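Below is one structure, written out as structure tokens; comments come after it.
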Amino acid sequence: MDISDWAEKGYYVVDELSREPRLIRLAPHQRGVLRALMQTSPEGRLRYTTGILSTVKKSGKTTMAGVVARFVAEIRSRFGEVYAIGNDFDQARDRAFKSALDSIRLTPGATQRAGEWILPERWLCQKTNLQCLVTGTFIRPIAVDARGEAGSNPDLSVWTELWGFEYKEALEFWNEMTPVPTKPDSMRLVETYAGYDGESHLLRRLYDTGLEGR
């Protein structure tokens, strides 16, 4: 299934002018980027294990990361694990995770009950856990904690503002959450500002790898 077509048929956002829910409308370059991220081999496997959405503020990168998170949870996984990762828990919860949650809440038919949002036969949403009822896959926000997340088995990890992942525990966590070799479609997605020369060494290494064509 084409991720861009899927998003424009079912991923809801709030219109900036009317403040009313509407289906997302992707710009041509956004459609191209999302399709590249989800590009598959002739065998149907994802071509890339790491993708980067790096652009200026208010350009839609967080929403695009939310689209990828929901697409993987609903379409490309079964009983899988999707993590939204930040330098702290608030950052993890308030970016791609929140975009995915909001899109579900805004979908026609979604209802709230006892603090949970339910999209019948599709999603059960709590404050820190989104459970896809179709596939059994969940989306959860987590902060940097290499010891606490040891043994996780992510189908997708979404990393917010990777330029800030500089201290030792963050680098260990990046290595701990590497794509899973036994899951052919396991990948990680970075949505971030550019970072700074002389700092942001992990992010710069990823940029250099991409520029080298590897």
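We name chains A, B, ... following the order of the structure tokens; residues begin at 1 in each chain, and ligands are numbered from 1 as shown.
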Considering only C-alpha atoms, give me a table of residues in stretch 151-214 of chain A that are at most 6 Å from stretch 36-53 of chain A, with the closest atom pair and distance in Å for each, as JSON lines.
```
{"residue": "A:Asp185", "atom": "CA", "partner": "A:Leu46", "partner_atom": "CA", "distance": 5.4}
{"residue": "A:Met187", "atom": "CA", "partner": "A:Thr49", "partner_atom": "CA", "distance": 4.2}
{"residue": "A:Arg188", "atom": "CA", "partner": "A:Thr50", "partner_atom": "CA", "distance": 4.9}
{"residue": "A:Leu189", "atom": "CA", "partner": "A:Gly51", "partner_atom": "CA", "distance": 4.8}
{"residue": "A:Val190", "atom": "CA", "partner": "A:Ile52", "partner_atom": "CA", "distance": 4.6}
{"residue": "A:Glu191", "atom": "CA", "partner": "A:Leu53", "partner_atom": "CA", "distance": 4.6}
```
Expected file: the selected residues, N, CA, C and O atoms, as a short mmCIF file (atom, residue, chain, number, x, y, z; two decimals), in the first residue's frame:
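The resulting selection-v1.cif:
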```cif
data_model
loop_
_atom_site.label_atom_id
_atom_site.label_comp_id
_atom_site.auth_asym_id
_atom_site.auth_seq_id
_atom_site.Cartn_x
_atom_site.Cartn_y
_atom_site.Cartn_z
N ASP A 185 11.83 -5.84 8.31
CA ASP A 185 11.27 -4.51 8.10
C ASP A 185 11.53 -3.56 9.26
O ASP A 185 10.96 -2.47 9.32
N MET A 187 13.06 -0.68 11.32
CA MET A 187 13.79 0.53 10.92
C MET A 187 13.69 1.59 12.01
O MET A 187 12.90 1.47 12.95
N ARG A 188 14.52 2.63 11.89
CA ARG A 188 14.41 3.80 12.76
C ARG A 188 14.33 5.05 11.91
O ARG A 188 14.97 5.16 10.87
N LEU A 189 13.55 6.00 12.41
CA LEU A 189 13.30 7.24 11.71
C LEU A 189 13.67 8.40 12.63
O LEU A 189 13.24 8.45 13.77
N VAL A 190 14.45 9.33 12.10
CA VAL A 190 14.90 10.50 12.85
C VAL A 190 14.19 11.73 12.31
O VAL A 190 14.22 11.99 11.11
N GLU A 191 13.52 12.49 13.20
CA GLU A 191 12.96 13.78 12.79
C GLU A 191 13.63 14.84 13.67
O GLU A 191 13.56 14.77 14.90
#
```
* Extract, using only C-alpha atoms, all DNA, RNA and protein residues at most 10 Å from A:Met1, discarding same-chain residues fewer than 6 positions from it, and format them as JSON, numbers by chain. => {"A": [38, 71, 75, 76]}
Write out as a JSON list (two decimals) with all heavy atoms, in the first residue's frame all residues of stretch 49-143 of chain A that backbone DSSP assigns to strand (DSSP E or B).
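Now in states_7.json:
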```json
[["chain", "number", "residue", "atom", "x", "y", "z"],
["A", 50, "THR", "N", 17.35, 3.09, 8.19],
["A", 50, "THR", "CA", 17.41, 4.38, 8.87],
["A", 50, "THR", "C", 16.98, 5.48, 7.91],
["A", 50, "THR", "O", 17.44, 5.51, 6.76],
["A", 50, "THR", "CB", 18.83, 4.68, 9.39],
["A", 50, "THR", "OG1", 19.23, 3.65, 10.29],
["A", 50, "THR", "CG2", 18.86, 6.02, 10.11],
["A", 51, "GLY", "N", 16.10, 6.35, 8.37],
["A", 51, "GLY", "CA", 15.68, 7.50, 7.57],
["A", 51, "GLY", "C", 15.76, 8.77, 8.41],
["A", 51, "GLY", "O", 15.61, 8.72, 9.64],
["A", 52, "ILE", "N", 16.00, 9.90, 7.76],
["A", 52, "ILE", "CA", 16.11, 11.18, 8.46],
["A", 52, "ILE", "C", 15.17, 12.19, 7.82],
["A", 52, "ILE", "O", 15.20, 12.40, 6.60],
["A", 52, "ILE", "CB", 17.55, 11.74, 8.42],
["A", 52, "ILE", "CG1", 18.53, 10.75, 9.04],
["A", 52, "ILE", "CG2", 17.63, 13.07, 9.16],
["A", 52, "ILE", "CD1", 19.98, 11.20, 8.94],
["A", 53, "LEU", "N", 14.32, 12.81, 8.65],
["A", 53, "LEU", "CA", 13.51, 13.95, 8.24],
["A", 53, "LEU", "C", 14.11, 15.17, 8.94],
["A", 53, "LEU", "O", 13.88, 15.38, 10.12],
["A", 53, "LEU", "CB", 12.05, 13.77, 8.66],
["A", 53, "LEU", "CG", 11.29, 12.59, 8.07],
["A", 53, "LEU", "CD1", 9.93, 12.45, 8.74],
["A", 53, "LEU", "CD2", 11.13, 12.76, 6.57],
["A", 54, "SER", "N", 14.90, 15.94, 8.23],
["A", 54, "SER", "CA", 15.58, 17.08, 8.83],
["A", 54, "SER", "C", 15.24, 18.33, 8.04],
["A", 54, "SER", "O", 15.59, 18.45, 6.87],
["A", 54, "SER", "CB", 17.10, 16.86, 8.85],
["A", 54, "SER", "OG", 17.74, 17.94, 9.48],
["A", 81, "GLU", "N", 6.09, -3.49, 17.71],
["A", 81, "GLU", "CA", 6.42, -2.46, 18.69],
["A", 81, "GLU", "C", 6.90, -1.21, 17.95],
["A", 81, "GLU", "O", 7.84, -1.28, 17.15],
["A", 81, "GLU", "CB", 7.53, -2.95, 19.63],
["A", 81, "GLU", "CG", 7.19, -4.23, 20.36],
["A", 81, "GLU", "CD", 8.37, -4.78, 21.16],
["A", 81, "GLU", "OE1", 9.35, -4.03, 21.37],
["A", 81, "GLU", "OE2", 8.30, -5.96, 21.58],
["A", 82, "VAL", "N", 6.26, -0.08, 18.22],
["A", 82, "VAL", "CA", 6.66, 1.21, 17.67],
["A", 82, "VAL", "C", 6.92, 2.15, 18.84],
["A", 82, "VAL", "O", 6.07, 2.29, 19.72],
["A", 82, "VAL", "CB", 5.58, 1.80, 16.75],
["A", 82, "VAL", "CG1", 5.99, 3.19, 16.26],
["A", 82, "VAL", "CG2", 5.33, 0.88, 15.56],
["A", 83, "TYR", "N", 8.11, 2.77, 18.85],
["A", 83, "TYR", "CA", 8.48, 3.64, 19.95],
["A", 83, "TYR", "C", 8.75, 5.06, 19.45],
["A", 83, "TYR", "O", 9.43, 5.25, 18.43],
["A", 83, "TYR", "CB", 9.74, 3.12, 20.64],
["A", 83, "TYR", "CG", 9.56, 1.78, 21.31],
["A", 83, "TYR", "CD1", 9.97, 0.61, 20.68],
["A", 83, "TYR", "CD2", 8.95, 1.68, 22.55],
["A", 83, "TYR", "CE1", 9.80, -0.63, 21.28],
["A", 83, "TYR", "CE2", 8.77, 0.44, 23.16],
["A", 83, "TYR", "CZ", 9.19, -0.71, 22.53],
["A", 83, "TYR", "OH", 9.01, -1.93, 23.12],
["A", 84, "ALA", "N", 8.21, 6.04, 20.17],
["A", 84, "ALA", "CA", 8.52, 7.45, 19.94],
["A", 84, "ALA", "C", 9.50, 7.87, 21.02],
["A", 84, "ALA", "O", 9.18, 7.81, 22.21],
["A", 84, "ALA", "CB", 7.26, 8.29, 20.00],
["A", 85, "ILE", "N", 10.69, 8.30, 20.63],
["A", 85, "ILE", "CA", 11.80, 8.48, 21.57],
["A", 85, "ILE", "C", 12.22, 9.94, 21.63],
["A", 85, "ILE", "O", 12.41, 10.59, 20.59],
["A", 85, "ILE", "CB", 12.99, 7.60, 21.16],
["A", 85, "ILE", "CG1", 12.57, 6.12, 21.13],
["A", 85, "ILE", "CG2", 14.17, 7.80, 22.10],
["A", 85, "ILE", "CD1", 13.59, 5.21, 20.48],
["A", 86, "GLY", "N", 12.40, 10.45, 22.85],
["A", 86, "GLY", "CA", 12.87, 11.80, 23.04],
["A", 86, "GLY", "C", 13.95, 11.86, 24.10],
["A", 86, "GLY", "O", 14.20, 10.88, 24.81],
["A", 111, "THR", "N", -14.46, 7.96, 19.86],
["A", 111, "THR", "CA", -15.17, 8.41, 21.05],
["A", 111, "THR", "C", -14.26, 8.32, 22.27],
["A", 111, "THR", "O", -13.32, 7.52, 22.29],
["A", 111, "THR", "CB", -16.43, 7.55, 21.30],
["A", 111, "THR", "OG1", -16.04, 6.18, 21.46],
["A", 111, "THR", "CG2", -17.41, 7.67, 20.15],
["A", 112, "GLN", "N", -14.56, 9.13, 23.26],
["A", 112, "GLN", "CA", -13.80, 9.11, 24.50],
["A", 112, "GLN", "C", -14.63, 8.47, 25.61],
["A", 112, "GLN", "O", -15.81, 8.77, 25.76],
["A", 112, "GLN", "CB", -13.41, 10.52, 24.92],
["A", 112, "GLN", "CG", -12.44, 10.56, 26.11],
["A", 112, "GLN", "CD", -11.99, 11.96, 26.43],
["A", 112, "GLN", "OE1", -12.67, 12.94, 26.09],
["A", 112, "GLN", "NE2", -10.84, 12.10, 27.06],
["A", 113, "ARG", "N", -13.96, 7.60, 26.39],
["A", 113, "ARG", "CA", -14.65, 6.92, 27.47],
["A", 113, "ARG", "C", -13.66, 6.61, 28.58],
["A", 113, "ARG", "O", -12.64, 5.96, 28.35],
["A", 113, "ARG", "CB", -15.29, 5.62, 26.98],
["A", 113, "ARG", "CG", -16.13, 4.89, 28.03],
["A", 113, "ARG", "CD", -16.75, 3.64, 27.43],
["A", 113, "ARG", "NE", -15.74, 2.68, 27.02],
["A", 113, "ARG", "CZ", -15.95, 1.69, 26.15],
["A", 113, "ARG", "NH1", -17.12, 1.57, 25.58],
["A", 113, "ARG", "NH2", -14.98, 0.85, 25.85],
["A", 116, "GLU", "N", -10.01, 7.16, 27.93],
["A", 116, "GLU", "CA", -9.45, 6.49, 26.76],
["A", 116, "GLU", "C", -10.17, 6.95, 25.50],
["A", 116, "GLU", "O", -11.35, 7.29, 25.54],
["A", 116, "GLU", "CB", -9.59, 4.97, 26.89],
["A", 116, "GLU", "CG", -8.89, 4.37, 28.07],
["A", 116, "GLU", "CD", -9.11, 2.87, 28.17],
["A", 116, "GLU", "OE1", -10.14, 2.39, 27.64],
["A", 116, "GLU", "OE2", -8.28, 2.19, 28.78],
["A", 117, "TRP", "N", -9.45, 6.95, 24.39],
["A", 117, "TRP", "CA", -10.07, 7.21, 23.10],
["A", 117, "TRP", "C", -10.16, 5.90, 22.35],
["A", 117, "TRP", "O", -9.20, 5.12, 22.29],
["A", 117, "TRP", "CB", -9.24, 8.21, 22.30],
["A", 117, "TRP", "CG", -9.50, 9.62, 22.71],
["A", 117, "TRP", "CD1", -8.83, 10.34, 23.65],
["A", 117, "TRP", "CD2", -10.52, 10.48, 22.19],
["A", 117, "TRP", "NE1", -9.36, 11.60, 23.76],
["A", 117, "TRP", "CE2", -10.41, 11.72, 22.89],
["A", 117, "TRP", "CE3", -11.53, 10.34, 21.25],
["A", 117, "TRP", "CZ2", -11.25, 12.79, 22.64],
["A", 117, "TRP", "CZ3", -12.38, 11.40, 20.99],
["A", 117, "TRP", "CH2", -12.23, 12.61, 21.68],
["A", 118, "ILE", "N", -11.34, 5.65, 21.78],
["A", 118, "ILE", "CA", -11.59, 4.40, 21.08],
["A", 118, "ILE", "C", -12.04, 4.70, 19.65],
["A", 118, "ILE", "O", -12.99, 5.47, 19.45],
["A", 118, "ILE", "CB", -12.66, 3.56, 21.79],
["A", 118, "ILE", "CG1", -12.21, 3.23, 23.22],
["A", 118, "ILE", "CG2", -12.96, 2.28, 21.01],
["A", 118, "ILE", "CD1", -13.30, 2.62, 24.07],
["A", 119, "LEU", "N", -11.34, 4.12, 18.70],
["A", 119, "LEU", "CA", -11.80, 4.12, 17.31],
["A", 119, "LEU", "C", -12.24, 2.68, 17.05],
["A", 119, "LEU", "O", -11.41, 1.79, 16.91],
["A", 119, "LEU", "CB", -10.67, 4.52, 16.36],
["A", 119, "LEU", "CG", -11.06, 4.77, 14.89],
["A", 119, "LEU", "CD1", -12.15, 5.82, 14.77],
["A", 119, "LEU", "CD2", -9.83, 5.16, 14.08],
["A", 123, "TRP", "N", -8.55, 1.19, 16.98],
["A", 123, "TRP", "CA", -7.57, 1.71, 17.93],
["A", 123, "TRP", "C", -8.16, 1.84, 19.33],
["A", 123, "TRP", "O", -9.31, 2.27, 19.48],
["A", 123, "TRP", "CB", -7.07, 3.08, 17.49],
["A", 123, "TRP", "CG", -6.07, 3.04, 16.37],
["A", 123, "TRP", "CD1", -6.34, 3.18, 15.04],
["A", 123, "TRP", "CD2", -4.66, 2.84, 16.49],
["A", 123, "TRP", "NE1", -5.17, 3.08, 14.31],
["A", 123, "TRP", "CE2", -4.13, 2.87, 15.17],
["A", 123, "TRP", "CE3", -3.80, 2.63, 17.55],
["A", 123, "TRP", "CZ2", -2.77, 2.70, 14.91],
["A", 123, "TRP", "CZ3", -2.44, 2.46, 17.30],
["A", 123, "TRP", "CH2", -1.95, 2.50, 15.99],
["A", 124, "LEU", "N", -7.34, 1.52, 20.32],
["A", 124, "LEU", "CA", -7.61, 1.83, 21.72],
["A", 124, "LEU", "C", -6.46, 2.70, 22.21],
["A", 124, "LEU", "O", -5.30, 2.26, 22.21],
["A", 124, "LEU", "CB", -7.70, 0.55, 22.56],
["A", 124, "LEU", "CG", -7.82, 0.74, 24.07],
["A", 124, "LEU", "CD1", -9.09, 1.49, 24.42],
["A", 124, "LEU", "CD2", -7.76, -0.60, 24.79],
["A", 125, "CYS", "N", -6.75, 3.94, 22.61],
["A", 125, "CYS", "CA", -5.72, 4.93, 22.91],
["A", 125, "CYS", "C", -5.77, 5.36, 24.36],
["A", 125, "CYS", "O", -6.79, 5.86, 24.84],
["A", 125, "CYS", "CB", -5.89, 6.16, 22.02],
["A", 125, "CYS", "SG", -5.83, 5.80, 20.26],
["A", 126, "GLN", "N", -4.65, 5.18, 25.05],
["A", 126, "GLN", "CA", -4.46, 5.68, 26.40],
["A", 126, "GLN", "C", -3.40, 6.77, 26.37],
["A", 126, "GLN", "O", -2.82, 7.05, 25.31],
["A", 126, "GLN", "CB", -4.07, 4.53, 27.33],
["A", 126, "GLN", "CG", -5.13, 3.43, 27.37],
["A", 126, "GLN", "CD", -4.61, 2.15, 27.98],
["A", 126, "GLN", "OE1", -3.49, 1.74, 27.73],
["A", 126, "GLN", "NE2", -5.46, 1.50, 28.77],
["A", 129, "ASN", "N", -0.05, 4.91, 25.56],
["A", 129, "ASN", "CA", -0.06, 3.68, 24.77],
["A", 129, "ASN", "C", -1.18, 3.72, 23.74],
["A", 129, "ASN", "O", -2.34, 3.95, 24.08],
["A", 129, "ASN", "CB", -0.26, 2.45, 25.67],
["A", 129, "ASN", "CG", -0.12, 1.14, 24.91],
["A", 129, "ASN", "OD1", 0.97, 0.76, 24.52],
["A", 129, "ASN", "ND2", -1.23, 0.45, 24.72],
["A", 130, "LEU", "N", -0.83, 3.52, 22.49],
["A", 130, "LEU", "CA", -1.80, 3.43, 21.41],
["A", 130, "LEU", "C", -1.76, 1.99, 20.91],
["A", 130, "LEU", "O", -0.73, 1.52, 20.42],
["A", 130, "LEU", "CB", -1.45, 4.39, 20.27],
["A", 130, "LEU", "CG", -1.12, 5.84, 20.65],
["A", 130, "LEU", "CD1", -0.83, 6.65, 19.39],
["A", 130, "LEU", "CD2", -2.23, 6.46, 21.45],
["A", 131, "GLN", "N", -2.89, 1.30, 21.01],
["A", 131, "GLN", "CA", -2.94, -0.11, 20.62],
["A", 131, "GLN", "C", -3.78, -0.26, 19.36],
["A", 131, "GLN", "O", -4.98, 0.06, 19.36],
["A", 131, "GLN", "CB", -3.56, -0.94, 21.75],
["A", 131, "GLN", "CG", -3.50, -2.44, 21.52],
["A", 131, "GLN", "CD", -2.12, -3.02, 21.77],
["A", 131, "GLN", "OE1", -1.43, -2.59, 22.68],
["A", 131, "GLN", "NE2", -1.71, -3.98, 20.95],
["A", 132, "CYS", "N", -3.15, -0.75, 18.30],
["A", 132, "CYS", "CA", -3.88, -1.02, 17.07],
["A", 132, "CYS", "C", -4.59, -2.36, 17.21],
["A", 132, "CYS", "O", -3.95, -3.40, 17.36],
["A", 132, "CYS", "CB", -2.94, -1.04, 15.86],
["A", 132, "CYS", "SG", -3.79, -1.32, 14.30],
["A", 138, "PHE", "N", 1.60, -1.83, 19.07],
["A", 138, "PHE", "CA", 1.42, -0.65, 19.90],
["A", 138, "PHE", "C", 2.40, 0.46, 19.52],
["A", 138, "PHE", "O", 3.45, 0.19, 18.93],
["A", 138, "PHE", "CB", 1.56, -0.98, 21.39],
["A", 138, "PHE", "CG", 2.94, -1.46, 21.81],
["A", 138, "PHE", "CD1", 4.02, -0.59, 21.89],
["A", 138, "PHE", "CD2", 3.14, -2.79, 22.15],
["A", 138, "PHE", "CE1", 5.28, -1.03, 22.29],
["A", 138, "PHE", "CE2", 4.40, -3.24, 22.55],
["A", 138, "PHE", "CZ", 5.46, -2.36, 22.62],
["A", 139, "ILE", "N", 2.03, 1.69, 19.87],
["A", 139, "ILE", "CA", 2.92, 2.85, 19.77],
["A", 139, "ILE", "C", 3.06, 3.42, 21.17],
["A", 139, "ILE", "O", 2.05, 3.71, 21.82],
["A", 139, "ILE", "CB", 2.35, 3.93, 18.83],
["A", 139, "ILE", "CG1", 2.05, 3.36, 17.44],
["A", 139, "ILE", "CG2", 3.33, 5.11, 18.71],
["A", 139, "ILE", "CD1", 1.36, 4.35, 16.51],
["A", 140, "ARG", "N", 4.31, 3.59, 21.65],
["A", 140, "ARG", "CA", 4.53, 4.11, 22.99],
["A", 140, "ARG", "C", 5.65, 5.17, 22.98],
["A", 140, "ARG", "O", 6.61, 5.04, 22.23],
["A", 140, "ARG", "CB", 4.95, 2.99, 23.94],
["A", 140, "ARG", "CG", 3.86, 2.00, 24.26],
["A", 140, "ARG", "CD", 4.36, 0.89, 25.16],
["A", 140, "ARG", "NE", 3.35, -0.14, 25.34],
["A", 140, "ARG", "CZ", 3.62, -1.37, 25.79],
["A", 140, "ARG", "NH1", 4.84, -1.69, 26.11],
["A", 140, "ARG", "NH2", 2.64, -2.25, 25.92],
["A", 141, "PRO", "N", 5.52, 6.19, 23.83],
["A", 141, "PRO", "CA", 6.61, 7.16, 24.00],
["A", 141, "PRO", "C", 7.57, 6.67, 25.09],
["A", 141, "PRO", "O", 7.13, 6.16, 26.13],
["A", 141, "PRO", "CB", 5.87, 8.42, 24.45],
["A", 141, "PRO", "CG", 4.69, 7.91, 25.21],
["A", 141, "PRO", "CD", 4.31, 6.59, 24.58],
["A", 142, "ILE", "N", 8.86, 6.82, 24.84],
["A", 142, "ILE", "CA", 9.85, 6.46, 25.86],
["A", 142, "ILE", "C", 10.98, 7.49, 25.84],
["A", 142, "ILE", "O", 11.31, 8.06, 24.79],
["A", 142, "ILE", "CB", 10.43, 5.05, 25.66],
["A", 142, "ILE", "CG1", 11.03, 4.89, 24.26],
["A", 142, "ILE", "CG2", 9.39, 3.98, 25.92],
["A", 142, "ILE", "CD1", 11.74, 3.56, 24.05],
["A", 143, "ALA", "N", 11.56, 7.72, 27.00],
["A", 143, "ALA", "CA", 12.72, 8.60, 27.12],
["A", 143, "ALA", "C", 13.99, 7.75, 27.05],
["A", 143, "ALA", "O", 13.95, 6.52, 27.13],
["A", 143, "ALA", "CB", 12.65, 9.38, 28.42]]
```
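Among A:Trp174, A:Tyr11, A:Tyr193, A:Tyr207, the residue with the shortest atom-to-atom distance to A:Val158, counting only C-alpha atoms, is A:Trp174.
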* To do: Would you list the contacts of stretch 198-201 of chain A as an MDAnalysis selection string, taking every protein, DNA or RNA residue within 8 Å and counting only C-alpha atoms, but skipping same-chain residues closer than 4 positions in sequence?
  => chainID A and resid 162:166 205
* Asked: Which one is closest to A:Leu106: A:Phe173, A:Tyr12, A:Phe89, A:Trp159? Count only C-alpha atoms.
  ->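 Of A:Phe173, A:Tyr12, A:Phe89, A:Trp159, the one nearest A:Leu106, counting only C-alpha atoms, is A:Tyr12.
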* Extract the full set of alpha helix (DSSP H) residues from stretch 73-174 of chain A according to DSSP on the backbone, and format it as an MDAnalysis selection string. => chainID A and resid 89:93 96:105 168:174
The selected residues should be written to file as a short mmCIF file (atom, residue, chain, number, x, y, z; two decimals), in the first residue's frame (atoms: N, CA, C and O atoms).
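New file result-v6.cif:
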```cif
data_model
loop_
_atom_site.label_atom_id
_atom_site.label_comp_id
_atom_site.auth_asym_id
_atom_site.auth_seq_id
_atom_site.Cartn_x
_atom_site.Cartn_y
_atom_site.Cartn_z
N PHE A 89 10.83 12.35 28.68
CA PHE A 89 9.55 11.74 28.40
C PHE A 89 8.56 12.71 27.78
O PHE A 89 7.79 12.35 26.88
N ASP A 90 8.57 13.98 28.24
CA ASP A 90 7.64 14.96 27.68
C ASP A 90 7.89 15.14 26.18
O ASP A 90 6.96 15.24 25.38
N GLN A 91 9.17 15.22 25.79
CA GLN A 91 9.49 15.36 24.38
C GLN A 91 9.06 14.13 23.59
O GLN A 91 8.52 14.24 22.49
N ALA A 92 9.25 12.96 24.16
CA ALA A 92 8.85 11.73 23.48
C ALA A 92 7.34 11.67 23.27
O ALA A 92 6.85 11.24 22.23
N ARG A 93 6.60 12.14 24.27
CA ARG A 93 5.13 12.06 24.23
C ARG A 93 4.51 13.13 23.35
O ARG A 93 3.43 12.92 22.76
N ALA A 96 5.90 12.95 17.69
CA ALA A 96 5.28 11.99 16.76
C ALA A 96 4.17 11.20 17.43
O ALA A 96 3.13 10.92 16.82
N PHE A 97 4.36 10.83 18.70
CA PHE A 97 3.32 10.10 19.42
C PHE A 97 2.02 10.91 19.48
O PHE A 97 0.94 10.40 19.22
N LYS A 98 2.14 12.19 19.84
CA LYS A 98 0.96 13.06 19.94
C LYS A 98 0.30 13.25 18.58
O LYS A 98 -0.92 13.28 18.47
N SER A 99 1.10 13.37 17.52
CA SER A 99 0.54 13.51 16.18
C SER A 99 -0.30 12.28 15.82
O SER A 99 -1.41 12.41 15.30
N ALA A 100 0.23 11.10 16.11
CA ALA A 100 -0.52 9.88 15.82
C ALA A 100 -1.79 9.79 16.66
O ALA A 100 -2.86 9.44 16.16
N LEU A 101 -1.67 10.13 17.95
CA LEU A 101 -2.84 10.11 18.83
C LEU A 101 -3.90 11.10 18.35
O LEU A 101 -5.09 10.76 18.28
N ASP A 102 -3.49 12.32 18.04
CA ASP A 102 -4.45 13.33 17.59
C ASP A 102 -5.16 12.89 16.31
O ASP A 102 -6.36 13.11 16.14
N SER A 103 -4.42 12.27 15.40
CA SER A 103 -5.03 11.84 14.14
C SER A 103 -6.11 10.80 14.39
O SER A 103 -7.14 10.77 13.69
N ILE A 104 -5.92 9.95 15.39
CA ILE A 104 -6.93 8.94 15.73
C ILE A 104 -8.13 9.61 16.39
O ILE A 104 -9.29 9.31 16.06
N ARG A 105 -7.88 10.52 17.33
CA ARG A 105 -8.97 11.21 18.03
C ARG A 105 -9.84 12.02 17.07
O ARG A 105 -11.05 12.15 17.28
N LYS A 168 26.65 10.16 27.10
CA LYS A 168 26.99 8.75 27.00
C LYS A 168 25.75 7.85 27.00
O LYS A 168 25.64 6.94 26.18
N GLU A 169 24.79 8.11 27.91
CA GLU A 169 23.62 7.24 27.98
C GLU A 169 22.80 7.31 26.71
O GLU A 169 22.24 6.30 26.27
N ALA A 170 22.71 8.51 26.10
CA ALA A 170 21.94 8.64 24.87
C ALA A 170 22.57 7.83 23.74
O ALA A 170 21.87 7.20 22.94
N LEU A 171 23.90 7.87 23.65
CA LEU A 171 24.58 7.12 22.60
C LEU A 171 24.43 5.61 22.82
O LEU A 171 24.26 4.85 21.86
N GLU A 172 24.47 5.19 24.08
CA GLU A 172 24.25 3.77 24.37
C GLU A 172 22.83 3.37 24.01
O GLU A 172 22.59 2.26 23.50
N PHE A 173 21.89 4.28 24.26
CA PHE A 173 20.49 3.99 23.94
C PHE A 173 20.28 3.86 22.44
O PHE A 173 19.54 2.99 21.97
N TRP A 174 20.93 4.73 21.66
CA TRP A 174 20.87 4.63 20.20
C TRP A 174 21.33 3.25 19.74
O TRP A 174 20.70 2.62 18.88
#
```
* Asked: So how far away is atom CA of A:Thr63 from atom CA of A:Thr107, in Å?
  ->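 Interatomic distance, atom CA of A:Thr107 to atom CA of A:Thr63: 15.3 Å.
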* Near A:Val13, counting only C-alpha atoms, which residues have an atom at most 7 Å away, once you skip same-chain residues fewer than 6 positions from it, shown as a PyMOL selection string? -> chain A and resi 21-24+103
Could those selected residues go to a file with all heavy atoms, as a PDB file, in the first residue's frame?
```pdb
ATOM      1  N   PRO A  21     -11.214  19.482  12.050  1.00  0.00           N
ATOM      2  CA  PRO A  21     -10.498  18.307  11.544  1.00  0.00           C
ATOM      3  C   PRO A  21     -10.625  18.194  10.028  1.00  0.00           C
ATOM      4  O   PRO A  21     -11.680  18.474   9.454  1.00  0.00           O
ATOM      5  CB  PRO A  21     -11.207  17.140  12.232  1.00  0.00           C
ATOM      6  CG  PRO A  21     -11.925  17.742  13.390  1.00  0.00           C
ATOM      7  CD  PRO A  21     -12.301  19.119  12.979  1.00  0.00           C
ATOM      8  N   ARG A  22      -9.561  17.752   9.403  1.00  0.00           N
ATOM      9  CA  ARG A  22      -9.573  17.468   7.963  1.00  0.00           C
ATOM     10  C   ARG A  22      -8.507  16.423   7.675  1.00  0.00           C
ATOM     11  O   ARG A  22      -7.567  16.232   8.438  1.00  0.00           O
ATOM     12  CB  ARG A  22      -9.313  18.731   7.150  1.00  0.00           C
ATOM     13  CG  ARG A  22      -7.931  19.338   7.335  1.00  0.00           C
ATOM     14  CD  ARG A  22      -7.606  20.349   6.262  1.00  0.00           C
ATOM     15  NE  ARG A  22      -6.353  21.041   6.478  1.00  0.00           N
ATOM     16  CZ  ARG A  22      -5.148  20.544   6.170  1.00  0.00           C
ATOM     17  NH1 ARG A  22      -5.047  19.333   5.637  1.00  0.00           N
ATOM     18  NH2 ARG A  22      -4.048  21.245   6.400  1.00  0.00           N
ATOM     19  N   LEU A  23      -8.655  15.774   6.536  1.00  0.00           N
ATOM     20  CA  LEU A  23      -7.622  14.837   6.100  1.00  0.00           C
ATOM     21  C   LEU A  23      -6.354  15.593   5.723  1.00  0.00           C
ATOM     22  O   LEU A  23      -6.398  16.712   5.209  1.00  0.00           O
ATOM     23  CB  LEU A  23      -8.115  14.032   4.903  1.00  0.00           C
ATOM     24  CG  LEU A  23      -9.159  12.950   5.205  1.00  0.00           C
ATOM     25  CD1 LEU A  23      -9.764  12.429   3.921  1.00  0.00           C
ATOM     26  CD2 LEU A  23      -8.532  11.806   6.007  1.00  0.00           C
ATOM     27  N   ILE A  24      -5.221  14.972   6.002  1.00  0.00           N
ATOM     28  CA  ILE A  24      -3.949  15.594   5.679  1.00  0.00           C
ATOM     29  C   ILE A  24      -3.814  15.766   4.168  1.00  0.00           C
ATOM     30  O   ILE A  24      -4.285  14.937   3.384  1.00  0.00           O
ATOM     31  CB  ILE A  24      -2.785  14.744   6.236  1.00  0.00           C
ATOM     32  CG1 ILE A  24      -1.478  15.543   6.202  1.00  0.00           C
ATOM     33  CG2 ILE A  24      -2.644  13.431   5.481  1.00  0.00           C
ATOM     34  CD1 ILE A  24      -0.335  14.836   6.915  1.00  0.00           C
ATOM     35  N   SER A 103      -4.417  12.271  15.402  1.00  0.00           N
ATOM     36  CA  SER A 103      -5.033  11.842  14.141  1.00  0.00           C
ATOM     37  C   SER A 103      -6.114  10.799  14.392  1.00  0.00           C
ATOM     38  O   SER A 103      -7.137  10.771  13.695  1.00  0.00           O
ATOM     39  CB  SER A 103      -3.967  11.285  13.186  1.00  0.00           C
ATOM     40  OG  SER A 103      -3.504  10.011  13.603  1.00  0.00           O
TER      41      SER A 103
END
```
